[in-house]
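Participant: The structure's right below; bear with me while I get my questions together.
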Amino acid sequence: QKLLRLADKMSHQTGITASAELKTFLGQAKDGKWRLVKVCIEEEKLQLAESAAPEGTFEDDYKKLVEPLLEEKMPCYILFRYDSKNDMGYEWLFIAWSPDFSKVRDKMLYAGTRATLKTEFGGGQIKDELFGTVREDVTYAGFQRHMEAKLAPAPLTMQEEELKEIKQNEVNAHINVDTKAQTMQ
C-alpha cells in the first residue's frame, strides 16, 4: 500500500494530475480518430485545450494544426498522431512547448508535469519527443531537423575516433609480397 502511494507521488512530481475529462478523452484519442491533442495546465489540473481530427497527410496536418497552436508566452503539451502503429495502437509525437519568454513558474510546472501526462496517455504509444523553446524548434522544419539528428551517428570520444582511424588505415593498407620494398640486395 505504501509503495503504491510512493509510486503515485513520484509520477505526479508537481501534484498536478489530469482532469477526468482529459483522462476520458486520452483513452478515446488512441483509436486514431484524432490527429492532435493540446493539453494545458489550468486551475492546477492537466486540461484538454484543443483537439483536431486528421484532414490530410502527416506533414500537411502538422503545418496546419500544430504551428498555429503555439502561443508566444504560454507553454503547452501537444500530442500529434503519426499514421504508423505499433502493438499498442497508433504512435504519437509528444511535443513539449516551453517558450523562452513564458513565466518561470509556468516553465517549472510544465517541466515537472511532463512525466505525468506521458503516464496518463501511455508512454508505449509515444514514439518520439520534441522539446521547443523557440517556434523554429517545433515547426515542421524543426521536427525534420530533430528527426535527422536522431538518425545521425552518435558522436565518438577521442579514443573511439583514434580506434576508428587505425581500423580504416588497416583496411586501406594493401601490403603483400609484391608491394614490400626490397631491403636487401
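Labels for the C-alpha cells follow display order: chains A, B, ..., residues from 1 in each chain, ligands from 1.
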For the interface of range 106-168 of chain A with range 22-31 of chain A (cut-off 12 Å, counting only C-alpha atoms), please tabulate each contacting residue of range 106-168 of chain A alongside its nearest pair of atoms and their separation in Å to one decimal, rows sorted by chain and increasing number, as a tab-separated table.
Facilitator:
```
residue	atom	partner	partner_atom	distance
A:Thr116	CA	A:Lys23	CA	11.5
A:Leu117	CA	A:Lys23	CA	9.6
A:Lys118	CA	A:Leu26	CA	10.6
A:Thr119	CA	A:Lys23	CA	10.8
A:Glu120	CA	A:Lys23	CA	7.0
A:Phe121	CA	A:Leu26	CA	6.0
A:Gly122	CA	A:Leu26	CA	9.1
A:Gly123	CA	A:Lys30	CA	11.8
A:Gly124	CA	A:Lys30	CA	11.4
A:Gln125	CA	A:Lys30	CA	8.5
A:Ile126	CA	A:Lys30	CA	10.8
```
Participant: Filtering to C-alpha atoms, could you give me those residues as a CSV table (one decimal), in the first residue's frame?
Facilitator:
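Below you can see again14.csv, which holds the result:
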```csv
chain,number,residue,atom,x,y,z
A,116,THR,CA,2.5,12.7,-15.5
A,117,LEU,CA,0.9,13.4,-18.9
A,118,LYS,CA,3.0,10.7,-20.6
A,119,THR,CA,1.9,8.2,-17.9
A,120,GLU,CA,-1.7,9.2,-18.3
A,121,PHE,CA,-1.6,8.9,-22.0
A,122,GLY,CA,0.5,5.7,-22.1
A,123,GLY,CA,4.3,6.0,-22.8
A,124,GLY,CA,4.3,2.9,-25.0
A,125,GLN,CA,2.5,4.9,-27.8
A,126,ILE,CA,4.8,7.8,-27.7
```
Participant: Using the chain letters and numbers from this document, which residues of range 100-159 of chain A does DSSP assign to strand (DSSP E or B), as JSON, numbers by chain?
Facilitator: {"A": [126, 127, 128, 129, 130, 131, 132]}
Participant: How about saving the chosen residues, C-alpha atoms kept, as a tab-separated table (two decimals), in the first residue's frame?
Facilitator:
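Saved as out_32.tsv:
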```
chain	number	residue	atom	x	y	z
A	126	ILE	CA	4.83	7.84	-27.70
A	127	LYS	CA	7.31	7.20	-30.50
A	128	ASP	CA	9.20	10.49	-30.41
A	129	GLU	CA	9.53	13.56	-28.23
A	130	LEU	CA	10.19	17.10	-29.37
A	131	PHE	CA	11.01	19.94	-26.99
A	132	GLY	CA	10.98	23.56	-28.05
```
Participant: With only C-alpha atoms as the counted atoms, please give the residues lying no more than 7 Å from range 47-56 of chain A, apart from itself and same-chain residues fewer than 3 positions off, as a PyMOL selection string.
Facilitator: chain A and resi 18-19+22+33-42+60-61
Participant: How would the residues just chosen look if you wrote them out with C-alpha atoms as a JSON list (two decimals), in the first residue's frame?
Facilitator:
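result26.json written:
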```
[["chain", "number", "residue", "atom", "x", "y", "z"],
["A", 18, "ALA", "CA", -5.14, 15.02, -15.34],
["A", 19, "SER", "CA", -8.75, 16.14, -15.17],
["A", 22, "LEU", "CA", -8.79, 14.71, -20.16],
["A", 33, "LYS", "CA", -9.95, 9.40, -34.64],
["A", 34, "TRP", "CA", -7.83, 12.35, -33.51],
["A", 35, "ARG", "CA", -4.63, 13.72, -35.06],
["A", 36, "LEU", "CA", -3.86, 16.31, -32.41],
["A", 37, "VAL", "CA", -4.46, 16.78, -28.70],
["A", 38, "LYS", "CA", -3.34, 20.01, -27.00],
["A", 39, "VAL", "CA", -3.05, 19.88, -23.21],
["A", 40, "CYS", "CA", -2.58, 22.86, -20.89],
["A", 41, "ILE", "CA", -2.32, 23.29, -17.14],
["A", 42, "GLU", "CA", -5.30, 25.27, -15.87],
["A", 60, "ASP", "CA", 0.06, 18.94, -44.08],
["A", 61, "ASP", "CA", -1.74, 18.39, -40.78]]
```
Participant: Using only C-alpha atoms, which residue out of A:Phe58, A:Trp97, A:Tyr110, A:Tyr90 lies closest to Ile78 in chain A?
Facilitator: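 Comparing A:Phe58, A:Trp97, A:Tyr110, A:Tyr90 against Ile78 in chain A, the winner is A:Trp97.
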Participant: Enter the distance from CA of Ile16 in chain A to CA of Thr113 in chain A, in Å, rounded to one decimal.
Facilitator: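 Going from CA of Ile16 in chain A over to CA of Thr113 in chain A, I get 6.7 Å.
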Participant: Report the residues of range 55-128 of chain A whose backbone DSSP state falls under alpha helix (DSSP H), written as number ranges by chain.
Facilitator: A: 58-61, 104-121
Participant: Would you output that residue set with N, CA and C atoms, as a tab-separated table (two decimals), in the first residue's frame?
Facilitator:
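Listing of out32.tsv after writing:
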```tsv
chain	number	residue	atom	x	y	z
A	58	PHE	N	0.41	13.60	-42.85
A	58	PHE	CA	1.07	13.96	-41.59
A	58	PHE	C	1.68	15.36	-41.71
A	59	GLU	N	2.42	15.61	-42.78
A	59	GLU	CA	3.09	16.90	-42.97
A	59	GLU	C	2.09	18.05	-43.08
A	60	ASP	N	1.07	17.87	-43.90
A	60	ASP	CA	0.06	18.94	-44.08
A	60	ASP	C	-0.65	19.24	-42.76
A	61	ASP	N	-1.05	18.19	-42.06
A	61	ASP	CA	-1.74	18.39	-40.78
A	61	ASP	C	-0.82	19.05	-39.76
A	104	VAL	N	8.58	31.90	-15.40
A	104	VAL	CA	9.43	30.85	-14.83
A	104	VAL	C	8.56	29.80	-14.12
A	105	ARG	N	7.55	30.24	-13.38
A	105	ARG	CA	6.67	29.31	-12.67
A	105	ARG	C	6.00	28.35	-13.66
A	106	ASP	N	5.53	28.89	-14.79
A	106	ASP	CA	4.89	28.04	-15.80
A	106	ASP	C	5.87	27.03	-16.38
A	107	LYS	N	7.09	27.49	-16.67
A	107	LYS	CA	8.11	26.58	-17.19
A	107	LYS	C	8.37	25.44	-16.22
A	108	MET	N	8.47	25.78	-14.93
A	108	MET	CA	8.72	24.77	-13.90
A	108	MET	C	7.55	23.79	-13.80
A	109	LEU	N	6.33	24.29	-13.82
A	109	LEU	CA	5.15	23.42	-13.75
A	109	LEU	C	5.10	22.44	-14.91
A	110	TYR	N	5.34	22.96	-16.11
A	110	TYR	CA	5.27	22.10	-17.29
A	110	TYR	C	6.42	21.09	-17.31
A	111	ALA	N	7.60	21.51	-16.89
A	111	ALA	CA	8.74	20.58	-16.85
A	111	ALA	C	8.46	19.46	-15.85
A	112	GLY	N	7.88	19.81	-14.71
A	112	GLY	CA	7.63	18.82	-13.67
A	112	GLY	C	6.40	17.96	-13.90
A	113	THR	N	5.57	18.32	-14.85
A	113	THR	CA	4.33	17.58	-15.09
A	113	THR	C	4.39	16.75	-16.37
A	114	ARG	N	5.47	16.86	-17.08
A	114	ARG	CA	5.64	16.12	-18.34
A	114	ARG	C	5.43	14.62	-18.16
A	115	ALA	N	6.11	14.05	-17.18
A	115	ALA	CA	6.02	12.61	-16.95
A	115	ALA	C	4.60	12.19	-16.59
A	116	THR	N	3.89	13.06	-15.88
A	116	THR	CA	2.51	12.75	-15.50
A	116	THR	C	1.64	12.58	-16.74
A	117	LEU	N	1.75	13.51	-17.68
A	117	LEU	CA	0.94	13.42	-18.90
A	117	LEU	C	1.32	12.18	-19.71
A	118	LYS	N	2.60	11.91	-19.82
A	118	LYS	CA	3.03	10.73	-20.58
A	118	LYS	C	2.50	9.45	-19.93
A	119	THR	N	2.48	9.42	-18.61
A	119	THR	CA	1.94	8.24	-17.90
A	119	THR	C	0.44	8.12	-18.14
A	120	GLU	N	-0.27	9.23	-18.05
A	120	GLU	CA	-1.73	9.22	-18.26
A	120	GLU	C	-2.07	8.76	-19.68
A	121	PHE	N	-1.28	9.20	-20.65
A	121	PHE	CA	-1.55	8.85	-22.05
A	121	PHE	C	-1.13	7.43	-22.36
```
Participant: Can you tell me how far CA of Ser102 in chain A sits from CA of Thr133 in chain A, in Å to one decimal?
Facilitator: 9.4 Å
Participant: For CA of Val134 in chain A and CA of Lys64 in chain A, determine how far apart the two atoms are, in Å to one decimal place.
Facilitator: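 Taking CA of Val134 in chain A and CA of Lys64 in chain A, their separation equals 18.0 Å.
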Participant: Which residue is closest to Leu69 in chain A? Choose from A:Gln144, A:Gln159, A:Asn86, A:Thr139 and count only C-alpha atoms.
Facilitator: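 Selected residue with least distance to Leu69 in chain A: A:Thr139.
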Participant: May I have the residues within 10 Å of Glu67 in chain A as a PyMOL selection string, using only C-alpha atoms and disregarding those fewer than 3 positions away in the same chain?
Facilitator: chain A and resi 61-64+70-71+135-136+138-140
